Every structure is written in C-alpha cells, then in structure tokens.
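*Asks:* Just dropping this structure here.
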Amino acid sequence: MEEHIVIIGNGISGVTAARHIRKRSNKKITIISSETPYFFSRTALMYVYMGHMKFEHTQPYENWFWKKNRIELKNEYVNQVDVKTKTVFFASGNSLQYDKLILATGSKPNKFGWPGEDLKGVMGMYHKQDLESLEKYAPNNNLCKRAVIVGGGLIGIELAEMLHSRHIPVTFLVRENSFWNNVLPSGESDMLNKHIKNHDIDLRLGVNLKEIKADKNGKARAVIIEETNEEIPCDIVGLTAGVSPNINFLKHSEIEIAKGVKVNRFLETNIQDVYAIGDCAQQHEAIDQRRPIESVWYTGRMMGETVAQTICGNRLEYKPGNWFNSAKFFNIEYQTYGWVFAKPREGEAHFHWKHDDDTKCITICYDKNTKTFLGINTFGIRMRHDVFDRWLTEKRQIDFVIKNLSKANFEPEFYNHFETKIQLAFNRQLQIV
Amino acid sequence: MKNKINHSMSLAKPDAIGVSNKQKIALSIGIIGLFILILALFNVNFPNKGVFLALSITLISMGIVVYSREAYLTKPEGIKNDGVWFKSISSRGVWGWLLGIILTVFYIVLYFFPAYLGLADNGSDNTGLIGLFDPLSKLLSGKPASQWFVYGTLYTLAILAFGYKFILKYKHNRYQQIRTVSVMFFQLGFAFLIPEFMYVLNSDLPYYDLKSIWPLNYYIFDEWSVKKFLSNGNIGLGFLLFGIISIFVITPILTYKYGKRWYCSWVCGCGGLAETAGDAFRQLSSKKMVAWKIERWLIHLILIFSVVMTTAMVYTYLGNSKNDFWLTRSLFITLFIGFLTFLFAGILFFKKNELGNDTKYGAISFFVIIMLLVFMHLTATTEHVFYIKGSSLRSVYGIYIGSIFSGVIGTGFYPILGNRFWCRFGCPMAAILGLQQRLFSKFRITTNGGQCISCGNCSNSCEMGIDVRHYAQKGENIVRSSCVGCGICAAVCPRGVLKLENSSMKGRINSNEILLGNSVDLMNLVNQNSNK
C-alpha cells in the first residue's frame, strides 16, 4: 500500500507540495483545511471585495482538478497532532492516520493584547473568514461610516485600497514615522506617504493604538490613539500589524516550536516524518540575509517544491536563490530583486532616482568598495526578474547595471523609458561624490 | 440601522460605486438621444430628419463622453475595475440580460426583417429608423439609406464613443490608447467612409471594406462580387487582387512579425466593437477547460466549412472548358489541393514536435478537406455541388455563420457570453491567424520569472477565455492561438508579470517550469521530471 501523506493547510505551500508529490509519485495525498474547501489565492482576496473578481476566480484550479490528480480534500479543523501514533485529531471528533505529515498552516494576524481587539467588527485581512466579516460589517459607506486600520504594512495598505474602492473613509494608523520605512528607504517610503494621502486616506504616522471602544452590542465603535488620547469614531477596525505562524494546535505535541515550527534546512522538524513549510516554518538559523520565518507567497511555493522532492525520496535542502518580492500600493507597483535595506548597511551605498511625477522611483544598493550590485527596488517601472537574477548571480558591478538597465525593462510596449534619465542622474551623483 | 431602499441609478448590487450627479445627467442626455431613434423606429415622422438625426447622434455621443470623463478624469490613473462583478449590467444581472435581449432582437430584425426598421419596398421612400438615416446617407453617397447603412453608422458611433471611454479608462497605458485609436481609425475610415466614397466614384463596385479579409469577408469570392470587380477594369481587378494578397501575403507577414493582434485587436471591425463597446463584458468569457475544448472543435470546424464552402462557390461559377476561361474547374481544384498539401507538408516538416498530439487532428482535418473536395469534383454537375445548388451552400453559411453566429449571438450575447464569443468560437479568420500565431510568429506574452501570485486578474480579464494564470504561475510564456493581444492581462497584473512582445522564436515556447528564485538544482529536478 502506498504511503499516506497528510498535509495540513491548503494554501500555496501545502498545495504546491501536494502537486509536486503527485507529479513524482503515486502516494496517497490528503490535504486538510478548515478555511475553504478548495485552494484559493490569498493575495487575491482584496479583489473580491473590490468587485474585480468573484471568489471562484481566485481558485487557480477548477474543482475537478483534485479528483483527477487523486488529491483528497478534507474540510476539518485540526485540534491536535499525536506524533507517537501518527494521528491528527479533528475538532469534529474524527481523526486521520498519516505516514508523513506536512505542516503548512500559514499565519494568523498579530494581536498585541489591545483592549477590545476581539470585539465584533474588529478583523484582520488574511483568511477567507476575514473577508466575510468585512463584507458583513463594511458592505458600504452607509453601514460603515469610517474604518480604522492599525498597522502600516502590505496588508494594511491593501485593506485601505479595498475600503477606498467602496468609498468608505479610512483612518490609517502607522507606528513608524513614515509608511513601511522599516523596510523601504526613505525616498520610497516618502513617495508612498503622498500616494496614500492622494487617495484621501487619513494617514496618521508615528501613532499607536491604545484601545478599541465597544458600543452596547459589543461591536467596535471607536479607537483611542495612545499618543494623543484622541478618540476616532469608526464602525470597523482592521488589525494589520503583521502576521505570525498559525501553530497553536501544536503546543501540546512533541513537535519543537518557537515562534514557528522549528525546521532544519531540509524542512524537517525534530520529529521523524513531520515537516513544516511556508509561513509556519521557522529556520533554526536564517538563510543568508533572510528572516528565519518567511511569510511570502514565493517562499511558501519554493518550500512546497523542495519538501516534495524530499518526501519522494530525493532528500533536498531548501536553498532559495536570490531574494525577490513584489507588491502593489494602490496604483504603484513595486518589485525588488536582491537586498535593499531601509538604510545602507556597513560598506553599502544606495543610488536613488525619482521621477518628477512622484509615482516612479528606483533604489539600487551596491557595495561601496567593490562596486558590486547588491539589489534594486523599483516602483512604477516593471523590470525583468531573469535579468536581475542573472546579474546578482554573476555579481555584476553597479556601472554595468546602470549602463544596461534598458535590458531589464519589462514595461508594456510604447511606454516611456527612463533609463537615460537614470544614467544621467547616476553620473551626476558620481561627479558630486 | 436604516434599511431604506436606495433609489440610486447605479447598476451596482451593493451600492459600491456611486454614480455622480454629473453622470446621471450624462446618462439622461444619452437616453434622450436614443429615444429619438426609438421614436423613429415607431414611425414618428420627424419634420427635419437631418436635424433630428444629428441631434440624436450628438446627444448619444455627448452622454458617453461626459459620463466617461466624470468616471475616469476625476480619479488618479490606474486600473478601474472596481465593482465590475457587482454591477448588474456587467455580471449577468437583470440589466445584463435585458441589454442582451434588446441587442439580440435588434440583430434578428436587422438581418431578417429589415422592413420593420423602415426599409422601403422597391421604388418607395424609406420610413422609420432607416428613413431617419436617409439624409446622412445621401450626404455621403447620394443614395438613400439601407439597413446596413444604419447599422454601419451606429456601429461606428459605438466604436468611436466607447473607444474614447476606453482611452480615458487606460489613460496611463499607451499600448491601450494607440491600439484603440487604431481600431477607431480603421472603423471610421475603412469600414464606414471609404466604401461610401468609393460608391460615389464608381457605383458599380461592390461594397468593399478593404480591411475585411477572407474568410471573415466570406462574400468577396461570390460570383456577383467577383463579376462586379472584374467588370470594373483595373480598379476592380486591383481590389480583387488586394483581397487575395491580403490573405495569402500581407496576413502571414504581419502575423509572423506581430502575432494575430495586428488584425484582431488593432484593425478588425468585430474586434473593434468588442474592445470598445464590449470592454465592460470581457470578464464574462468562460475560462473552464470544457469551454476551451468546445472552442477548439467549433472554430476549426467552421474554418473547414468556410474553406470548403468558398471553394465550392468559386467552383460552381467556373467552367469545364479552357476556351471560356483559363481557370477551369479541374485546374482550380488541382491547384487548391496542391496548395493545401504544400501548406500541410510545410507545417509538418517544420513544426512536428511542437504540434504533438494535435498532429493527428491536423492530419484528419486535412484528409477530410481533400476528400470533400475530391468528392465534390467527382459528383458535381453544372449547377449542383454536394447534390445541392452551389448557392444554397453559400446561403447556409451566410445565414448560420455570417448572420446568426457572428451577429445575433456574437454581439447580441455580449452581456451574457462575453465580448469575444464570435472571435473565440466562430471566426474562421481568427482560426487561420491563430494557427499561424501558435506556429510561426514572434509574438508571445512573456511571464516575468517567478513573480506570479496566482491572483487570477489576468484570467478574469481575458476576453478570449484563456486561463492566463495557468501559464503565468508556472513561469511559462503564453503562446495560445486564440490570444488577440489586447494586452489587458498585462495591464491588470498587480505584480508586473506579463508583457506582450515580439522577440526571437528561440525560447518562445517554454513548457518547462521556470520559476526563478529557486535554487538551480531544484528547478533542474522539477523539469527533469516533467520532461519524462
């Protein structure tokens, strides 16, 4: 009888693992999820609320796909894992035996013990259920006169865009003194501040949430700001101050956990035949400059592919290549290749160019001494992943990158190009230095 | 909590995107313009037809222009799809069905009962809607209007006015703007004005829209059409030759360089309407695998039908004797079978590997066509082919494919089946261009490494029903034959993953998973496996 692979979580990590195990083997595969019956793209939830798509459009595979590929889907909530008997126990009282277990349970929105954080009308924006809750409490600007978003990261700005699309006024509380400037260099962060305000978002920088006030029905009615004690009346509160691994159900198992499920480079936990991938996995030691817990779509996908190899008898180390990521801030697209930190680190320098219209800019990070190209952030200009990936691997010099920038251009046909302007700006900067 | 009914004119279900007062006024202006046409339709006899026609057209255009300006110029540039799936009209709601029914009825009357539109019997004057258009027709060509003139005028108006709306919607996207100006230009010039002027210069020439190419223009090789061309000296012969050169020379060259988009989303009138007036319905095309299967059978069967039908048509009016005309029936059939064999052998020789399983279908199709033609030649009499009158084969095609499929269903069902239903499932021209695009073209949609997040915006906005995401999330380029290159998938992608380009044939089709960001070893392993 074929080995039974049980995967907890039907997000990108778990599903990628399942698909690749199926490609390479005839093992029995079961995916368990209590969130949705079928895999959907979490990153696309916002477009459902905005009316760009229906929920079914966020499902990358048609419903027949799973049966055809003999991947069994189970709609259950896992309470507990017993690694001795190799059993997972469900909230429904049922249980399931596994031969190998893959934990791919993703994240949950962070809460920091704010008073009122569990009130009705207070939600994250991560699960399908968050979307349903938003649809219930903020269907339009009649029922929701104002929304407050707490936490200035990628999910926060997406939630702001969602609410904006239904003409709901938004107050956006950001702890940092400029949007996402713990990640982005100041020029970029500054540009985004303006872009956010241009969309009539009430952006409050350098403020923290003190508490959420309830009305008599136990629903959020206002927030209090820590610094000023100002009370802002609102109908919903979005908590978007980051995410953390969704692993509470493992607390009483023998699987080693810290913030996430501890794994080695082979994505193996301390328990034989138990693996963890995606957002919920925590590396013992961070891989090059990455964080020990990576909650990014792409890394989840890569871990899924890697663990599938291991499970199919080809034990493989998780070796992510050059870092990359992307996002969209209202109308400004962002891509990053290699490493560009908010402030240049020891021995690094940044070259920053910004277009006059305040919607396009790039920042290139390079080694001050060797002039090696280390990474690029690009806003409002699409660039080619394969070109930068190659240049990073080949350790190209900054001069080479600037000179050949047009080769990396990925903008639609007939768009204006800015390489010449960027080159001029770079040369001018060199002369000043 | 109030639950008062909201009397908004927004066609949205949750009242997501309000319609501003200015837009309500614009809608009213447009509806008044339409109302004049409706009054005319019900035989209200306007005193000064020219003035009322001008008023109607002006009001309709003004309504659309003002509405669009308010919708897009008051907001920052970007993707404007908010509420598309909430609005009743663009999500198969009541308004969508209503519009679909109105359009369908209009097409049925237009094609089969033009008298209801006021088309005159011989000798008398036009009345009703067609009568209202007489002054404009007389101004352009001197002759009274026909139902086709009315249709052509409204069609052109729709492409121009909604083209303007589309340009504003994509004010940040020059590819979209230039492409739209192109379809507006070709519709106004080539489909509408030039044929009218040609009539003024030489009223014996058949109506000829130079950009409408066989087999989309299925009547160009009809006996009456060819006779009219040939009886008009050099200019007629020139047009006929241009028609032949269009399909056999110009089309292959342009498609090789730019993909079928040069025609389908830059020049073609059907495409022009779909891209402008039909833009609001692009998300309605089915992305299901089963729809793709139906598409491939249907469009290629229609292609075969149109090829056999046209050959049979030409065949019936050719003679058997060399003394009458050098091109005899036997010579024509021999030449044509020779051409098809040459074409098929060429495809097999160069592209056998890329065709894979489709080789079988290609071979069967080829065989069926040849057999049909041989059978036809052996059984034909002077008047009859396939035991029926040659002209009835042509009428069957004209009614079922030319009118019902492309018009009634193709456009009438915009709000139900999406704006490219005809282009996707029926158009034989699209089928020919598609075959070439898949096999011999530099065009592809490049996927940007590993940046896809499988969100589905691309697939959702594909009017041809291509599941773009299926390819993008694997890092594969999109080289589907049906892609008309409208570029909306690339525009709506929130991660900058897609780019339409013409580049070298090498590496154009990459069926391997190329997801950058992974270690090279892993990707080698993944691909080793998928190549097995």
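In the structure tokens, chains take the letters A, B, ... in the order shown, each chain's residues start at 1, and ligands count up from 1 in the order shown.
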Which of region 220-422 of chain B end up as strand (DSSP E or B) when DSSP is run on this backbone - answer as a ChimeraX atom specification?
*Replies:* /B:384-385,388-389
*Asks:* Output C-alpha atoms for every residue in the selection just made, as a tab-separated table (two decimals), in the first residue's frame.
*Replies:*
chain	number	residue	atom	x	y	z
B	384	HIS	CA	-25.03	21.37	-58.17
B	385	VAL	CA	-22.22	20.57	-55.76
B	388	ILE	CA	-27.33	20.74	-53.70
B	389	LYS	CA	-27.28	24.05	-55.51
*Asks:* Tell me, as a list in words, which residues lie within 8 Å of region 53-69 of chain B, counting only C-alpha atoms; anything in the same chain fewer than 3 positions away does not count.
*Replies:*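 Close residues of region 53-69 of chain B: Lys22, Gln23, Ile25, Ala26, Leu27, Ser28, Ile29, Gly30, Ile31, Ile32, Gly33, Leu34, Ile36, Leu37, Lys49, Gly50, Tyr72, Leu73, Thr74, Leu132, Phe133, Leu157, Ala161, Phe162, Tyr164, Lys165, Leu168 and Lys169 of chain B.
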*Asks:* Distance limit 7 Å, atoms considered: only C-alpha atoms. Which chain A residues sit that close to chain B? Return them as a PDB file with N, CA and C atoms, in the first residue's frame.
*Replies:*
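Just written: selection32.pdb:
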ATOM      1  N   SER A  41      -6.189  31.785  -4.043  1.00  0.00           N
ATOM      2  CA  SER A  41      -5.037  32.663  -3.898  1.00  0.00           C
ATOM      3  C   SER A  41      -5.342  33.729  -2.849  1.00  0.00           C
ATOM      4  N   THR A  43      -3.656  36.166  -1.833  1.00  0.00           N
ATOM      5  CA  THR A  43      -3.304  37.525  -2.252  1.00  0.00           C
ATOM      6  C   THR A  43      -4.416  38.178  -3.068  1.00  0.00           C
ATOM      7  N   ALA A  44      -5.377  37.361  -3.532  1.00  0.00           N
ATOM      8  CA  ALA A  44      -6.417  37.918  -4.398  1.00  0.00           C
ATOM      9  C   ALA A  44      -7.699  38.238  -3.649  1.00  0.00           C
ATOM     10  N   MET A  50     -13.277  44.207  -3.815  1.00  0.00           N
ATOM     11  CA  MET A  50     -13.309  45.362  -4.709  1.00  0.00           C
ATOM     12  C   MET A  50     -14.182  45.123  -5.940  1.00  0.00           C
ATOM     13  N   GLY A  51     -14.648  43.888  -6.107  1.00  0.00           N
ATOM     14  CA  GLY A  51     -15.529  43.601  -7.233  1.00  0.00           C
ATOM     15  C   GLY A  51     -14.803  43.382  -8.553  1.00  0.00           C
ATOM     16  N   HIS A  52     -13.476  43.230  -8.507  1.00  0.00           N
ATOM     17  CA  HIS A  52     -12.751  42.939  -9.750  1.00  0.00           C
ATOM     18  C   HIS A  52     -12.982  41.483 -10.162  1.00  0.00           C
ATOM     19  N   MET A  53     -13.146  40.633  -9.133  1.00  0.00           N
ATOM     20  CA  MET A  53     -13.313  39.206  -9.398  1.00  0.00           C
ATOM     21  C   MET A  53     -14.338  38.652  -8.422  1.00  0.00           C
ATOM     22  N   LYS A  54     -14.851  37.468  -8.753  1.00  0.00           N
ATOM     23  CA  LYS A  54     -15.665  36.749  -7.786  1.00  0.00           C
ATOM     24  C   LYS A  54     -14.740  35.780  -7.053  1.00  0.00           C
ATOM     25  N   HIS A  57     -13.017  32.990  -8.870  1.00  0.00           N
ATOM     26  CA  HIS A  57     -11.915  33.320  -9.784  1.00  0.00           C
ATOM     27  C   HIS A  57     -10.559  33.307  -9.099  1.00  0.00           C
ATOM     28  N   THR A  58     -10.576  33.320  -7.767  1.00  0.00           N
ATOM     29  CA  THR A  58      -9.291  33.297  -7.067  1.00  0.00           C
ATOM     30  C   THR A  58      -8.774  31.869  -6.922  1.00  0.00           C
ATOM     31  N   PRO A  60      -7.075  28.854  -8.424  1.00  0.00           N
ATOM     32  CA  PRO A  60      -6.263  28.601  -9.617  1.00  0.00           C
ATOM     33  C   PRO A  60      -6.584  27.286 -10.331  1.00  0.00           C
ATOM     34  N   PRO A 139     -20.160  46.663   4.306  1.00  0.00           N
ATOM     35  CA  PRO A 139     -20.596  46.408   2.926  1.00  0.00           C
ATOM     36  C   PRO A 139     -20.631  47.690   2.092  1.00  0.00           C
ATOM     37  N   ASN A 140     -20.821  48.823   2.746  1.00  0.00           N
ATOM     38  CA  ASN A 140     -20.890  50.092   2.008  1.00  0.00           C
ATOM     39  C   ASN A 140     -20.690  51.244   2.985  1.00  0.00           C
ATOM     40  N   SER A 165     -12.232  51.518  -2.325  1.00  0.00           N
ATOM     41  CA  SER A 165     -12.994  51.178  -3.533  1.00  0.00           C
ATOM     42  C   SER A 165     -14.494  51.227  -3.276  1.00  0.00           C
ATOM     43  N   ARG A 166     -14.898  51.130  -2.002  1.00  0.00           N
ATOM     44  CA  ARG A 166     -16.334  51.250  -1.705  1.00  0.00           C
ATOM     45  C   ARG A 166     -16.655  52.595  -1.053  1.00  0.00           C
ATOM     46  N   TRP A 297       4.508  34.630  -0.353  1.00  0.00           N
ATOM     47  CA  TRP A 297       3.938  33.688  -1.315  1.00  0.00           C
ATOM     48  C   TRP A 297       5.016  32.807  -1.956  1.00  0.00           C
ATOM     49  N   MET A 302       8.283  27.738  -2.967  1.00  0.00           N
ATOM     50  CA  MET A 302       9.580  27.064  -3.108  1.00  0.00           C
ATOM     51  C   MET A 302       9.738  25.947  -2.078  1.00  0.00           C
ATOM     52  N   LYS A 319      17.048  25.614  -0.604  1.00  0.00           N
ATOM     53  CA  LYS A 319      18.085  26.551  -0.996  1.00  0.00           C
ATOM     54  C   LYS A 319      17.478  27.648  -1.859  1.00  0.00           C
ATOM     55  N   PRO A 320      16.874  28.621  -1.239  1.00  0.00           N
ATOM     56  CA  PRO A 320      16.295  29.679  -2.065  1.00  0.00           C
ATOM     57  C   PRO A 320      17.408  30.451  -2.773  1.00  0.00           C
ATOM     58  N   GLY A 321      17.113  30.904  -3.985  1.00  0.00           N
ATOM     59  CA  GLY A 321      18.104  31.668  -4.751  1.00  0.00           C
ATOM     60  C   GLY A 321      18.113  33.121  -4.321  1.00  0.00           C
ATOM     61  N   ASN A 322      18.332  34.001  -5.282  1.00  0.00           N
ATOM     62  CA  ASN A 322      18.364  35.424  -4.960  1.00  0.00           C
ATOM     63  C   ASN A 322      16.985  35.875  -4.484  1.00  0.00           C
ATOM     64  N   TRP A 323      16.974  36.706  -3.476  1.00  0.00           N
ATOM     65  CA  TRP A 323      15.727  37.213  -2.912  1.00  0.00           C
ATOM     66  C   TRP A 323      14.967  38.049  -3.945  1.00  0.00           C
ATOM     67  N   PHE A 324      13.664  37.905  -3.955  1.00  0.00           N
ATOM     68  CA  PHE A 324      12.817  38.809  -4.746  1.00  0.00           C
ATOM     69  C   PHE A 324      11.470  38.897  -4.081  1.00  0.00           C
ATOM     70  N   SER A 326       7.407  41.310  -4.482  1.00  0.00           N
ATOM     71  CA  SER A 326       6.682  42.366  -5.182  1.00  0.00           C
ATOM     72  C   SER A 326       5.424  42.704  -4.408  1.00  0.00           C
ATOM     73  N   ALA A 327       4.841  43.841  -4.723  1.00  0.00           N
ATOM     74  CA  ALA A 327       3.605  44.277  -4.079  1.00  0.00           C
ATOM     75  C   ALA A 327       3.013  45.378  -4.932  1.00  0.00           C
ATOM     76  N   LYS A 328       1.827  45.817  -4.549  1.00  0.00           N
ATOM     77  CA  LYS A 328       1.247  46.973  -5.233  1.00  0.00           C
ATOM     78  C   LYS A 328       0.619  47.875  -4.190  1.00  0.00           C
ATOM     79  N   ASN A 331      -1.972  52.372  -6.855  1.00  0.00           N
ATOM     80  CA  ASN A 331      -1.680  52.220  -8.285  1.00  0.00           C
ATOM     81  C   ASN A 331      -0.198  52.050  -8.578  1.00  0.00           C
ATOM     82  N   GLU A 333       3.113  49.902  -8.614  1.00  0.00           N
ATOM     83  CA  GLU A 333       3.655  48.555  -8.484  1.00  0.00           C
ATOM     84  C   GLU A 333       5.069  48.610  -7.926  1.00  0.00           C
ATOM     85  N   ARG A 382       8.216  48.416 -14.364  1.00  0.00           N
ATOM     86  CA  ARG A 382       8.360  46.961 -14.320  1.00  0.00           C
ATOM     87  C   ARG A 382       9.732  46.551 -14.837  1.00  0.00           C
ATOM     88  N   ARG A 384      12.690  43.124 -15.407  1.00  0.00           N
ATOM     89  CA  ARG A 384      12.754  41.688 -15.690  1.00  0.00           C
ATOM     90  C   ARG A 384      13.430  40.913 -14.566  1.00  0.00           C
ATOM     91  N   HIS A 385      12.703  39.931 -14.065  1.00  0.00           N
ATOM     92  CA  HIS A 385      13.230  39.097 -12.999  1.00  0.00           C
ATOM     93  C   HIS A 385      14.474  38.332 -13.453  1.00  0.00           C
ATOM     94  N   ASP A 386      14.387  37.716 -14.622  1.00  0.00           N
ATOM     95  CA  ASP A 386      15.504  36.848 -15.038  1.00  0.00           C
ATOM     96  C   ASP A 386      16.794  37.636 -15.222  1.00  0.00           C
ATOM     97  N   PHE A 410      10.769  45.896 -18.412  1.00  0.00           N
ATOM     98  CA  PHE A 410       9.668  44.969 -18.682  1.00  0.00           C
ATOM     99  C   PHE A 410       8.353  45.724 -18.852  1.00  0.00           C
ATOM    100  N   PRO A 412       5.179  47.685 -20.653  1.00  0.00           N
ATOM    101  CA  PRO A 412       4.428  47.423 -21.882  1.00  0.00           C
ATOM    102  C   PRO A 412       4.987  48.229 -23.067  1.00  0.00           C
ATOM    103  N   GLU A 413       4.688  47.752 -24.268  1.00  0.00           N
ATOM    104  CA  GLU A 413       5.152  48.442 -25.467  1.00  0.00           C
ATOM    105  C   GLU A 413       4.637  49.880 -25.492  1.00  0.00           C
ATOM    106  N   PHE A 414       5.405  50.744 -26.104  1.00  0.00           N
ATOM    107  CA  PHE A 414       5.083  52.177 -26.282  1.00  0.00           C
ATOM    108  C   PHE A 414       5.168  52.994 -24.992  1.00  0.00           C
ATOM    109  N   TYR A 415       5.592  52.413 -23.913  1.00  0.00           N
ATOM    110  CA  TYR A 415       5.737  53.206 -22.684  1.00  0.00           C
ATOM    111  C   TYR A 415       7.001  54.061 -22.757  1.00  0.00           C
TER     112      TYR A 415
END
*Asks:* Between A:Ala281, A:Ile71, A:Ile32, A:Ile362, which one has atoms that come closest to Ser186 (chain A), using only C-alpha atoms?
*Replies:*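 Nearest candidate to Ser186 (chain A) out of A:Ala281, A:Ile71, A:Ile32, A:Ile362: A:Ile362.
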*Asks:* Identify, on the basis of only C-alpha atoms, every residue whose closest approach to region 187-189 of chain B does not exceed 12 Å; exclude the query and any residue fewer than 3 positions from it along the same chain; express the result as a VMD selection string.
*Replies:* chain B and resid 152 to 161 163 180 to 184 192 to 198 209 to 212 265 to 273 276
*Asks:* Which residues in region 289-395 of chain B does DSSP call helix (DSSP H, G or I)? List them as an NGL selection string.
*Replies:* :B and (289-317 or 329-355 or 358-379 or 390-395)
*Asks:* Please measure the separation of CA of Phe443 (chain B) and CA of Asn510 (chain B), giving the value in Å to one decimal.
*Replies:*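 Going from CA of Phe443 (chain B) over to CA of Asn510 (chain B), I get 13.5 Å.
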